[in-house]
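Student: Structure file coords-v5.pdb (PDB, C-alpha atoms) is given on the next line.
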MODEL        1
ATOM      1  CA  MET A   1       0.000   0.000   0.000
ATOM      2  CA  GLU A   2       1.353   3.385  -0.918
ATOM      3  CA  ASN A   3       0.551   6.073   1.579
ATOM      4  CA  ALA A   4       2.193   9.432   1.158
ATOM      5  CA  MET A   5       1.172  10.621   4.607
ATOM      6  CA  HIS A   6       1.965   7.476   6.591
ATOM      7  CA  PRO A   7       4.799   5.489   5.034
ATOM      8  CA  ALA A   8       3.768   1.864   4.569
ATOM      9  CA  PRO A   9       4.265  -0.632   7.409
ATOM     10  CA  VAL A  10       7.450  -2.706   7.303
ATOM     11  CA  VAL A  11       8.803  -6.020   8.526
ATOM     12  CA  ALA A  12      11.009  -4.756  11.336
ATOM     13  CA  SER A  13      13.833  -7.250  10.796
ATOM     14  CA  GLU A  14      14.098  -6.089   7.165
ATOM     15  CA  ALA A  15      14.600  -2.436   8.134
ATOM     16  CA  PRO A  16      18.044  -1.041   7.245
ATOM     17  CA  PRO A  17      20.707  -1.198   9.963
ATOM     18  CA  ARG A  18      21.749   2.070  11.556
ATOM     19  CA  ALA A  19      24.310   3.778   9.359
ATOM     20  CA  LYS A  20      26.652   4.749  12.193
ATOM     21  CA  PRO A  21      27.640   2.222  14.844
ATOM     22  CA  THR A  22      26.862   4.549  17.747
ATOM     23  CA  SER A  23      24.743   7.600  18.312
ATOM     24  CA  PRO A  24      25.936  10.086  19.444
ATOM     25  CA  PRO A  25      29.436   9.466  18.006
ATOM     26  CA  PHE A  26      31.655   7.897  20.654
ATOM     27  CA  PRO A  27      35.391   7.816  21.201
ATOM     28  CA  PRO A  28      36.799   4.997  19.038
ATOM     29  CA  GLU A  29      37.802   2.880  22.050
ATOM     30  CA  MET A  30      34.214   3.010  23.300
ATOM     31  CA  VAL A  31      32.845   2.164  19.857
ATOM     32  CA  ALA A  32      35.180  -0.844  19.873
ATOM     33  CA  LYS A  33      33.679  -1.909  23.174
ATOM     34  CA  VAL A  34      29.996  -1.742  22.204
ATOM     35  CA  ALA A  35      29.775  -2.122  18.428
ATOM     36  CA  PRO A  36      30.808  -5.784  17.986
ATOM     37  CA  GLY A  37      27.903  -8.181  17.974
ATOM     38  CA  ARG A  38      25.307  -5.435  18.004
ATOM     39  CA  ASP A  39      22.830  -4.748  15.201
ATOM     40  CA  LYS A  40      20.436  -1.798  15.598
ATOM     41  CA  ARG A  41      17.655  -1.119  13.110
ATOM     42  CA  PRO A  42      15.972   2.222  13.621
ATOM     43  CA  LEU A  43      12.230   1.766  13.102
ATOM     44  CA  GLY A  44      10.613   5.025  14.164
ATOM     45  CA  ASP A  45      12.812   6.993  11.768
ATOM     46  CA  LEU A  46      11.319   5.041   8.850
ATOM     47  CA  PHE A  47       7.999   6.694   9.574
ATOM     48  CA  GLY A  48       9.381  10.175  10.183
ATOM     49  CA  LEU A  49       8.855  10.006  13.932
ATOM     50  CA  THR A  50      10.790  12.687  15.790
ATOM     51  CA  ASN A  51       9.443  12.637  19.364
ATOM     52  CA  PHE A  52      10.871   9.229  20.156
ATOM     53  CA  GLY A  53      13.000   6.550  18.548
ATOM     54  CA  VAL A  54      12.428   2.802  18.382
ATOM     55  CA  ASN A  55      15.210   0.351  17.534
ATOM     56  CA  LEU A  56      15.027  -3.342  16.787
ATOM     57  CA  THR A  57      18.268  -4.472  18.398
ATOM     58  CA  ARG A  58      19.921  -7.868  17.997
ATOM     59  CA  LEU A  59      22.801  -8.854  20.270
ATOM     60  CA  ALA A  60      25.019 -11.727  19.289
ATOM     61  CA  PRO A  61      26.508 -13.774  22.140
ATOM     62  CA  GLY A  62      28.746 -11.410  24.119
ATOM     63  CA  GLY A  63      27.128  -8.289  22.696
ATOM     64  CA  GLN A  64      25.831  -5.381  24.723
ATOM     65  CA  SER A  65      23.156  -2.786  24.006
ATOM     66  CA  ALA A  66      25.316   0.183  25.013
ATOM     67  CA  LEU A  67      27.817   1.194  27.635
ATOM     68  CA  ARG A  68      25.990   1.088  30.951
ATOM     69  CA  HIS A  69      24.499   4.576  31.120
ATOM     70  CA  ALA A  70      21.915   6.843  32.732
ATOM     71  CA  HIS A  71      20.000   9.600  30.948
ATOM     72  CA  GLY A  72      19.226  12.937  32.542
ATOM     73  CA  LYS A  73      16.073  13.734  30.565
ATOM     74  CA  GLN A  74      15.201  10.878  28.245
ATOM     75  CA  ASP A  75      13.114   7.904  29.382
ATOM     76  CA  GLU A  76      13.881   4.472  27.952
ATOM     77  CA  PHE A  77      11.994   1.185  27.620
ATOM     78  CA  VAL A  78      12.891  -2.292  26.365
ATOM     79  CA  TYR A  79      10.738  -5.300  25.396
ATOM     80  CA  ILE A  80      12.377  -8.686  24.789
ATOM     81  CA  LEU A  81      11.337 -10.516  21.604
ATOM     82  CA  GLU A  82      13.765 -13.457  21.365
ATOM     83  CA  GLY A  83      16.520 -15.026  23.425
ATOM     84  CA  GLU A  84      17.670 -13.808  26.813
ATOM     85  CA  ALA A  85      19.342 -10.560  27.749
ATOM     86  CA  THR A  86      20.774  -9.677  31.128
ATOM     87  CA  LEU A  87      19.812  -6.282  32.442
ATOM     88  CA  VAL A  88      22.538  -4.683  34.541
ATOM     89  CA  THR A  89      21.706  -1.778  36.858
ATOM     90  CA  ASP A  90      23.209  -0.450  40.088
ATOM     91  CA  ALA A  91      21.153  -3.115  41.897
ATOM     92  CA  GLY A  92      22.690  -6.011  40.000
ATOM     93  CA  GLU A  93      21.683  -8.347  37.205
ATOM     94  CA  THR A  94      18.262  -9.612  36.052
ATOM     95  CA  ILE A  95      17.685 -12.046  33.197
ATOM     96  CA  LEU A  96      15.025 -10.831  30.768
ATOM     97  CA  LYS A  97      13.158 -13.406  28.663
ATOM     98  CA  PRO A  98      10.771 -12.953  25.727
ATOM     99  CA  GLY A  99       7.661 -11.044  26.759
ATOM    100  CA  MET A 100       9.441  -9.242  29.567
ATOM    101  CA  CYS A 101       9.945  -5.507  29.614
ATOM    102  CA  ALA A 102      11.754  -2.899  31.656
ATOM    103  CA  GLY A 103      11.705   0.876  31.803
ATOM    104  CA  PHE A 104      14.274   3.444  32.831
ATOM    105  CA  LYS A 105      12.993   6.771  34.062
ATOM    106  CA  ALA A 106      15.377   9.610  33.300
ATOM    107  CA  GLY A 107      17.060  11.424  36.131
ATOM    108  CA  THR A 108      17.363   8.591  38.638
ATOM    109  CA  GLY A 109      21.101   8.319  38.132
ATOM    110  CA  ASP A 110      20.792   4.520  38.017
ATOM    111  CA  ALA A 111      22.614   3.334  34.911
ATOM    112  CA  HIS A 112      21.548   0.360  32.809
ATOM    113  CA  HIS A 113      22.393  -1.746  29.796
ATOM    114  CA  LEU A 114      21.592  -5.177  28.396
ATOM    115  CA  VAL A 115      24.257  -7.823  27.848
ATOM    116  CA  ASN A 116      23.905 -11.148  26.072
ATOM    117  CA  TYR A 117      25.665 -13.757  28.206
ATOM    118  CA  THR A 118      24.036 -16.676  26.338
ATOM    119  CA  ASN A 119      25.153 -18.573  23.231
ATOM    120  CA  LYS A 120      22.142 -17.458  21.152
ATOM    121  CA  ASP A 121      21.138 -14.079  19.788
ATOM    122  CA  ALA A 122      18.934 -11.845  21.915
ATOM    123  CA  VAL A 123      16.468  -9.536  20.142
ATOM    124  CA  PHE A 124      14.517  -6.687  21.673
ATOM    125  CA  LEU A 125      12.787  -3.421  20.985
ATOM    126  CA  GLU A 126      14.204  -0.318  22.639
ATOM    127  CA  VAL A 127      12.319   2.961  22.869
ATOM    128  CA  GLY A 128      13.747   6.316  23.925
ATOM    129  CA  ASP A 129      12.307   9.776  23.674
ATOM    130  CA  ARG A 130      14.171  12.807  22.396
ATOM    131  CA  SER A 131      13.615  15.334  25.164
ATOM    132  CA  ALA A 132      15.895  18.357  24.749
ATOM    133  CA  GLY A 133      18.760  19.034  27.140
ATOM    134  CA  ASP A 134      19.567  15.402  27.789
ATOM    135  CA  SER A 135      22.728  14.355  29.591
ATOM    136  CA  VAL A 136      24.291  10.911  29.854
ATOM    137  CA  SER A 137      26.545   9.415  32.518
ATOM    138  CA  TYR A 138      28.640   6.234  32.255
ATOM    139  CA  PRO A 139      29.586   4.957  35.716
ATOM    140  CA  ASP A 140      31.675   1.983  34.542
ATOM    141  CA  ASP A 141      33.695   3.604  31.756
ATOM    142  CA  ASP A 142      36.171   6.447  31.506
ATOM    143  CA  VAL A 143      33.921   8.671  29.458
ATOM    144  CA  VAL A 144      31.814  11.746  30.184
ATOM    145  CA  ALA A 145      29.341  13.210  27.690
ATOM    146  CA  VAL A 146      29.265  16.996  27.681
ATOM    147  CA  PHE A 147      27.330  19.422  25.541
ATOM    148  CA  GLY A 148      29.590  21.366  23.235
ATOM    149  CA  SER A 149      28.991  25.015  22.334
ATOM    150  CA  ASP A 150      27.442  23.712  19.099
ATOM    151  CA  GLY A 151      24.747  21.945  21.116
ATOM    152  CA  LYS A 152      26.136  18.524  20.243
ATOM    153  CA  PHE A 153      27.600  15.952  22.592
ATOM    154  CA  LYS A 154      31.340  15.826  23.024
ATOM    155  CA  PHE A 155      33.200  13.238  25.047
ATOM    156  CA  SER A 156      35.905  13.662  27.646
ATOM    157  CA  ARG A 157      37.650  11.309  30.015
ATOM    158  CA  LYS A 158      36.734  11.563  33.681
ATOM    159  CA  ASP A 159      39.879  13.671  34.270
ATOM    160  CA  GLY A 160      38.360  16.251  31.900
ATOM    161  CA  THR A 161      40.643  15.703  28.922
ATOM    162  CA  LEU A 162      38.756  15.537  25.649
ATOM    163  CA  TYR A 163      38.881  12.431  23.506
TER     164      TYR A 163
ATOM    165  CA  MET B   1      15.521  -8.134  42.223
ATOM    166  CA  GLU B   2      14.507  -5.109  44.238
ATOM    167  CA  ASN B   3      15.618  -1.849  42.742
ATOM    168  CA  ALA B   4      14.301   1.323  44.291
ATOM    169  CA  MET B   5      15.507   3.478  41.390
ATOM    170  CA  HIS B   6      14.423   1.281  38.499
ATOM    171  CA  PRO B   7      11.374  -0.829  39.355
ATOM    172  CA  ALA B   8      12.019  -4.486  38.551
ATOM    173  CA  PRO B   9      11.312  -5.814  35.032
ATOM    174  CA  VAL B  10       7.936  -7.461  34.504
ATOM    175  CA  VAL B  11       6.273 -10.010  32.264
ATOM    176  CA  ALA B  12       4.252  -7.647  30.081
ATOM    177  CA  SER B  13       1.182  -9.887  29.812
ATOM    178  CA  GLU B  14       0.972  -9.978  33.606
ATOM    179  CA  ALA B  15       0.857  -6.182  33.938
ATOM    180  CA  PRO B  16      -2.445  -4.831  35.310
ATOM    181  CA  PRO B  17      -5.057  -3.788  32.742
ATOM    182  CA  ARG B  18      -5.728  -0.084  32.363
ATOM    183  CA  ALA B  19      -8.126   1.048  35.060
ATOM    184  CA  LYS B  20     -10.309   3.138  32.760
ATOM    185  CA  PRO B  21     -11.490   1.775  29.398
ATOM    186  CA  THR B  22     -10.423   4.844  27.444
ATOM    187  CA  SER B  23      -7.978   7.663  27.898
ATOM    188  CA  PRO B  24      -8.894  10.502  27.704
ATOM    189  CA  PRO B  25     -12.461   9.791  28.920
ATOM    190  CA  PHE B  26     -14.775   9.445  25.949
ATOM    191  CA  PRO B  27     -18.506   9.945  25.443
ATOM    192  CA  PRO B  28     -20.233   6.719  26.573
ATOM    193  CA  GLU B  29     -21.402   5.852  23.042
ATOM    194  CA  MET B  30     -17.812   6.027  21.837
ATOM    195  CA  VAL B  31     -16.589   3.935  24.768
ATOM    196  CA  ALA B  32     -19.235   1.373  23.798
ATOM    197  CA  LYS B  33     -17.784   1.330  20.305
ATOM    198  CA  VAL B  34     -14.127   0.776  21.198
ATOM    199  CA  ALA B  35     -14.000  -0.867  24.618
ATOM    200  CA  PRO B  36     -15.426  -4.338  23.819
ATOM    201  CA  GLY B  37     -12.774  -6.891  22.989
ATOM    202  CA  ARG B  38      -9.911  -4.582  23.811
ATOM    203  CA  ASP B  39      -7.439  -5.128  26.624
ATOM    204  CA  LYS B  40      -4.741  -2.498  27.217
ATOM    205  CA  ARG B  41      -1.968  -2.980  29.733
ATOM    206  CA  PRO B  42       0.076   0.153  30.349
ATOM    207  CA  LEU B  43       3.730  -0.831  30.632
ATOM    208  CA  GLY B  44       5.683   2.419  30.694
ATOM    209  CA  ASP B  45       3.673   3.673  33.660
ATOM    210  CA  LEU B  46       4.902   0.703  35.718
ATOM    211  CA  PHE B  47       8.378   2.154  35.535
ATOM    212  CA  GLY B  48       7.378   5.751  36.159
ATOM    213  CA  LEU B  49       7.956   6.816  32.545
ATOM    214  CA  THR B  50       6.339  10.145  31.734
ATOM    215  CA  ASN B  51       7.742  11.174  28.340
ATOM    216  CA  PHE B  52       5.978   8.386  26.479
ATOM    217  CA  GLY B  53       3.568   5.562  27.136
ATOM    218  CA  VAL B  54       3.737   1.931  26.017
ATOM    219  CA  ASN B  55       0.708  -0.357  26.044
ATOM    220  CA  LEU B  56       0.510  -4.086  25.497
ATOM    221  CA  THR B  57      -2.813  -4.267  23.647
ATOM    222  CA  ARG B  58      -4.805  -7.418  22.907
ATOM    223  CA  LEU B  59      -7.719  -7.273  20.486
ATOM    224  CA  ALA B  60     -10.249 -10.071  20.485
ATOM    225  CA  PRO B  61     -11.894 -10.863  17.124
ATOM    226  CA  GLY B  62     -13.828  -7.757  16.111
ATOM    227  CA  GLY B  63     -11.937  -5.486  18.479
ATOM    228  CA  GLN B  64     -10.318  -2.209  17.515
ATOM    229  CA  SER B  65      -7.390  -0.293  19.019
ATOM    230  CA  ALA B  66      -9.224   3.050  19.106
ATOM    231  CA  LEU B  67     -11.553   5.130  17.017
ATOM    232  CA  ARG B  68      -9.691   5.961  13.821
ATOM    233  CA  HIS B  69      -7.850   9.126  14.832
ATOM    234  CA  ALA B  70      -5.031  11.534  14.020
ATOM    235  CA  HIS B  71      -2.878  13.304  16.594
ATOM    236  CA  GLY B  72      -1.751  16.876  16.226
ATOM    237  CA  LYS B  73       1.447  16.635  18.284
ATOM    238  CA  GLN B  74       1.984  13.104  19.488
ATOM    239  CA  ASP B  75       3.774  10.490  17.387
ATOM    240  CA  GLU B  76       2.636   6.875  17.599
ATOM    241  CA  PHE B  77       4.178   3.495  16.769
ATOM    242  CA  VAL B  78       2.911  -0.103  16.798
ATOM    243  CA  TYR B  79       4.713  -3.468  16.645
ATOM    244  CA  ILE B  80       2.738  -6.668  16.120
ATOM    245  CA  LEU B  81       3.536  -9.552  18.485
ATOM    246  CA  GLU B  82       0.811 -12.134  17.759
ATOM    247  CA  GLY B  83      -2.061 -12.630  15.340
ATOM    248  CA  GLU B  84      -3.022 -10.235  12.581
ATOM    249  CA  ALA B  85      -4.334  -6.708  12.810
ATOM    250  CA  THR B  86      -5.618  -4.593   9.948
ATOM    251  CA  LEU B  87      -4.278  -1.072   9.833
ATOM    252  CA  VAL B  88      -6.784   1.412   8.457
ATOM    253  CA  THR B  89      -5.621   4.825   7.237
ATOM    254  CA  ASP B  90      -6.917   7.305   4.660
ATOM    255  CA  ALA B  91      -5.109   5.222   2.028
ATOM    256  CA  GLY B  92      -6.966   2.014   2.862
ATOM    257  CA  GLU B  93      -6.250  -1.207   4.698
ATOM    258  CA  THR B  94      -3.017  -3.135   5.298
ATOM    259  CA  ILE B  95      -2.735  -6.436   7.161
ATOM    260  CA  LEU B  96      -0.011  -6.392   9.804
ATOM    261  CA  LYS B  97       1.534  -9.693  10.884
ATOM    262  CA  PRO B  98       3.912 -10.512  13.745
ATOM    263  CA  GLY B  99       7.212  -8.712  13.385
ATOM    264  CA  MET B 100       5.677  -5.880  11.360
ATOM    265  CA  CYS B 101       5.571  -2.320  12.587
ATOM    266  CA  ALA B 102       4.057   1.000  11.589
ATOM    267  CA  GLY B 103       4.488   4.583  12.725
ATOM    268  CA  PHE B 104       2.231   7.597  12.652
ATOM    269  CA  LYS B 105       3.875  10.999  12.590
ATOM    270  CA  ALA B 106       1.775  13.635  14.304
ATOM    271  CA  GLY B 107       0.339  16.465  12.274
ATOM    272  CA  THR B 108      -0.195  14.694   8.962
ATOM    273  CA  GLY B 109      -3.967  14.635   9.420
ATOM    274  CA  ASP B 110      -4.058  11.009   8.236
ATOM    275  CA  ALA B 111      -6.043   9.044  10.800
ATOM    276  CA  HIS B 112      -5.322   5.439  11.766
ATOM    277  CA  HIS B 113      -6.433   2.551  13.906
ATOM    278  CA  LEU B 114      -6.011  -1.220  14.060
ATOM    279  CA  VAL B 115      -8.944  -3.599  13.729
ATOM    280  CA  ASN B 116      -8.959  -7.353  14.273
ATOM    281  CA  TYR B 117     -10.946  -8.896  11.427
ATOM    282  CA  THR B 118      -9.652 -12.422  12.174
ATOM    283  CA  ASN B 119     -11.010 -15.127  14.471
ATOM    284  CA  LYS B 120      -7.942 -15.093  16.757
ATOM    285  CA  ASP B 121      -6.613 -12.492  19.164
ATOM    286  CA  ALA B 122      -4.159  -9.915  17.874
ATOM    287  CA  VAL B 123      -1.502  -8.612  20.262
ATOM    288  CA  PHE B 124       0.753  -5.616  19.754
ATOM    289  CA  LEU B 125       2.799  -2.964  21.468
ATOM    290  CA  GLU B 126       1.730   0.630  20.988
ATOM    291  CA  VAL B 127       3.945   3.592  21.837
ATOM    292  CA  GLY B 128       2.883   7.215  22.009
ATOM    293  CA  ASP B 129       4.661  10.235  23.383
ATOM    294  CA  ARG B 130       3.109  12.841  25.620
ATOM    295  CA  SER B 131       3.956  16.076  23.869
ATOM    296  CA  ALA B 132       1.997  19.000  25.317
ATOM    297  CA  GLY B 133      -0.723  20.738  23.337
ATOM    298  CA  ASP B 134      -1.910  17.639  21.529
ATOM    299  CA  SER B 135      -5.123  17.585  19.519
ATOM    300  CA  VAL B 136      -7.027  14.611  18.140
ATOM    301  CA  SER B 137      -9.366  14.333  15.172
ATOM    302  CA  TYR B 138     -11.789  11.486  14.372
ATOM    303  CA  PRO B 139     -12.809  11.543  10.709
ATOM    304  CA  ASP B 140     -15.198   8.575  10.859
ATOM    305  CA  ASP B 141     -17.076   9.379  14.071
ATOM    306  CA  ASP B 142     -19.264  12.194  15.299
ATOM    307  CA  VAL B 143     -16.819  13.359  17.935
ATOM    308  CA  VAL B 144     -14.389  16.252  18.254
ATOM    309  CA  ALA B 145     -11.821  16.540  21.034
ATOM    310  CA  VAL B 146     -11.333  20.085  22.293
ATOM    311  CA  PHE B 147      -9.203  21.436  25.082
ATOM    312  CA  GLY B 148     -11.295  22.720  27.956
ATOM    313  CA  SER B 149     -10.340  25.782  29.991
ATOM    314  CA  ASP B 150      -9.011  23.346  32.587
ATOM    315  CA  GLY B 151      -6.458  22.088  30.081
ATOM    316  CA  LYS B 152      -8.206  18.717  29.776
ATOM    317  CA  PHE B 153      -9.901  17.240  26.732
ATOM    318  CA  LYS B 154     -13.640  17.655  26.365
ATOM    319  CA  PHE B 155     -15.713  16.088  23.631
ATOM    320  CA  SER B 156     -18.310  17.619  21.368
ATOM    321  CA  ARG B 157     -20.267  16.391  18.384
ATOM    322  CA  LYS B 158     -19.256  17.766  14.999
ATOM    323  CA  ASP B 159     -22.149  20.258  15.217
ATOM    324  CA  GLY B 160     -20.402  21.711  18.274
ATOM    325  CA  THR B 161     -22.780  20.449  20.943
ATOM    326  CA  LEU B 162     -20.953  18.998  23.942
ATOM    327  CA  TYR B 163     -21.445  15.405  24.920
TER     328      TYR B 163
ENDMDL
END
As a first step, turn the structure in this file into structure tokens.

Tutor:
Amino acid sequence: MENAMHPAPVVASEAPPRAKPTSPPFPPEMVAKVAPGRDKRPLGDLFGLTNFGVNLTRLAPGGQSALRHAHGKQDEFVYILEGEATLVTDAGETILKPGMCAGFKAGTGDAHHLVNYTNKDAVFLEVGDRSAGDSVSYPDDDVVAVFGSDGKFKFSRKDGTLY
Amino acid sequence: MENAMHPAPVVASEAPPRAKPTSPPFPPEMVAKVAPGRDKRPLGDLFGLTNFGVNLTRLAPGGQSALRHAHGKQDEFVYILEGEATLVTDAGETILKPGMCAGFKAGTGDAHHLVNYTNKDAVFLEVGDRSAGDSVSYPDDDVVAVFGSDGKFKFSRKDGTLY
């Protein structure tokens, strides 16, 4: 069906992979840490959505969704479709199976990510809004995201030196 | 796992159903049209998310997700988990099967809803943000949503008389 106003529905797993391995652009050593074994297919963008993003994310064994991180303004939500993913937060680890979901309210300071510790792929949907003025903290890694004067994220080490 | 900052993950299908049949509150004749055969379980709310909502929605045969509607400010997205749902927009009908998704950019004026024309339940995730100043139009039904002076939606007929 052609529909100029609402682009036609798609099979999510056939959506194009994200062009850049990380968003926002990370220091290369951090990209090297998170990019392997991770396949993200932006779905909301296909329909011109701007208020939130939805990714179909597949983690190969050993893959992780992101560096463990906490958002200042942007809420996040995940729903597991296939396989098992381990959610890691400040409180510890929880195994998420298909049909399970979790949400991460912005501003709590509690950082999270999903890691695939199994020998099969894990597939999930991740949703995050695009509230302005977001900040991101990474408790386990030597990286700090700071807004540059151009309004874009820049990355420094925790001693303040820029990457 | 107890986690005071991030409430523990849940099995989505075990989340409590929405307390009220429609949101915002509809005229009773419109509730009677959409409520039967529809089960919505708010998921994002369980985790305190406020920037967007996520529902796990189950439509029995003959059920519909909502009156066919278009949002002025709020983007929406659906992902089919089980069964088949027919998406209806101004351009016509499209059958959505598990693993398919569709998105609805706010402000296009093209209205949408999902209807279950099959003899099995259809289950999907629906995501919508909560951008302020939203408006909603219903091309197929004699209802208009208008902001009241209290900032809440009120409903009139298309001739302007309030329900």

Student: Can you work out the spacing between atom CA of B:Glu76 and atom CA of B:Tyr138 in Å, to one decimal?

Tutor: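 Pair atom CA of B:Glu76 / atom CA of B:Tyr138 returns 15.5 Å.
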
Student: Show me, as a tab-separated table, the residues of chain B having an atom within 7 Å of chain A, each with the closest atom pair and its distance in Å, using all atoms listed in the file.

Tutor:
residue	atom	partner	partner_atom	distance
B:Met1	CA	A:Thr94	CA	6.9
B:Asn3	CA	A:Ala91	CA	5.7
B:Met5	CA	A:Thr108	CA	6.1
B:His6	CA	A:Phe104	CA	6.1
B:Pro9	CA	A:Ala102	CA	4.5
B:Val10	CA	A:Met100	CA	5.5
B:Val11	CA	A:Met100	CA	4.2
B:Ala12	CA	A:Met100	CA	5.5
B:Gly44	CA	A:Gly103	CA	6.3
B:Phe47	CA	A:Gly103	CA	5.2
B:Gly48	CA	A:Lys105	CA	6.1
B:Leu49	CA	A:Lys105	CA	5.3
B:Asn51	CA	A:Asp75	CA	6.4
B:Asp75	CA	A:Leu49	CA	6.2
B:Ala91	CA	A:Asn3	CA	5.7
B:Thr94	CA	A:Met1	CA	6.9
B:Gly99	CA	A:Val11	CA	5.8
B:Met100	CA	A:Val11	CA	4.2
B:Cys101	CA	A:Pro9	CA	5.6
B:Ala102	CA	A:Pro9	CA	4.5
B:Gly103	CA	A:Phe47	CA	5.2
B:Phe104	CA	A:His6	CA	6.1
B:Lys105	CA	A:Leu49	CA	5.3
B:Thr108	CA	A:Met5	CA	6.1
B:Asp110	CA	A:Met5	CA	6.4
B:Asp129	CA	A:Asn51	CA	6.7

Student: Hey, can you check how far atom CA of A:Pro16 sits from atom CA of A:Ala35?

Tutor: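 A separation of 16.2 Å between them.
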
Student: Got a sec: who's within 12 Å of A:Gly63, counting all atoms listed in the file, leaving out chain neighbours fewer than 4 positions off, as a VMD selection string?

Tutor: chain A and resid 32 to 40 57 to 59 67 84 to 86 113 to 123

Student: Write the selection just made, keeping C-alpha atoms, as a PDB file, keeping the file's coordinate frame?

Tutor:
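Okay, part22.pdb is ready:
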ATOM      1  CA  ALA A  32      35.180  -0.844  19.873  1.00  0.00           C
ATOM      2  CA  LYS A  33      33.679  -1.909  23.174  1.00  0.00           C
ATOM      3  CA  VAL A  34      29.996  -1.742  22.204  1.00  0.00           C
ATOM      4  CA  ALA A  35      29.775  -2.122  18.428  1.00  0.00           C
ATOM      5  CA  PRO A  36      30.808  -5.784  17.986  1.00  0.00           C
ATOM      6  CA  GLY A  37      27.903  -8.181  17.974  1.00  0.00           C
ATOM      7  CA  ARG A  38      25.307  -5.435  18.004  1.00  0.00           C
ATOM      8  CA  ASP A  39      22.830  -4.748  15.201  1.00  0.00           C
ATOM      9  CA  LYS A  40      20.436  -1.798  15.598  1.00  0.00           C
ATOM     10  CA  THR A  57      18.268  -4.472  18.398  1.00  0.00           C
ATOM     11  CA  ARG A  58      19.921  -7.868  17.997  1.00  0.00           C
ATOM     12  CA  LEU A  59      22.801  -8.854  20.270  1.00  0.00           C
ATOM     13  CA  LEU A  67      27.817   1.194  27.635  1.00  0.00           C
ATOM     14  CA  GLU A  84      17.670 -13.808  26.813  1.00  0.00           C
ATOM     15  CA  ALA A  85      19.342 -10.560  27.749  1.00  0.00           C
ATOM     16  CA  THR A  86      20.774  -9.677  31.128  1.00  0.00           C
ATOM     17  CA  HIS A 113      22.393  -1.746  29.796  1.00  0.00           C
ATOM     18  CA  LEU A 114      21.592  -5.177  28.396  1.00  0.00           C
ATOM     19  CA  VAL A 115      24.257  -7.823  27.848  1.00  0.00           C
ATOM     20  CA  ASN A 116      23.905 -11.148  26.072  1.00  0.00           C
ATOM     21  CA  TYR A 117      25.665 -13.757  28.206  1.00  0.00           C
ATOM     22  CA  THR A 118      24.036 -16.676  26.338  1.00  0.00           C
ATOM     23  CA  ASN A 119      25.153 -18.573  23.231  1.00  0.00           C
ATOM     24  CA  LYS A 120      22.142 -17.458  21.152  1.00  0.00           C
ATOM     25  CA  ASP A 121      21.138 -14.079  19.788  1.00  0.00           C
ATOM     26  CA  ALA A 122      18.934 -11.845  21.915  1.00  0.00           C
ATOM     27  CA  VAL A 123      16.468  -9.536  20.142  1.00  0.00           C
TER      28      VAL A 123
END

Student: Could you tell me how far atom CA of B:Arg18 lies from atom CA of B:Leu56, in Å and to one decimal?

Tutor: 10.1 Å

Student: Leaving out stretch 142-144 of chain B and any residue of its chain fewer than 5 positions from it, which residues lie within 8 Å of it when counting all atoms listed in the file, given as a PyMOL selection string?

Tutor: chain B and resi 136-137+155-158

Student: Give me, as number ranges by chain, all polymer residues having an atom no more than 10 Å from A:Pro25, counting only C-alpha atoms and skipping those fewer than 6 positions away in the same chain.

Tutor: A: 31, 152-155

Student: Using all atoms listed in the file, which of B:Thr161, B:Ala15, B:Gly83, B:Phe124 sits nearest B:Ser65?

Tutor: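 With all atoms listed in the file as the atom set, the closest residue is B:Phe124.
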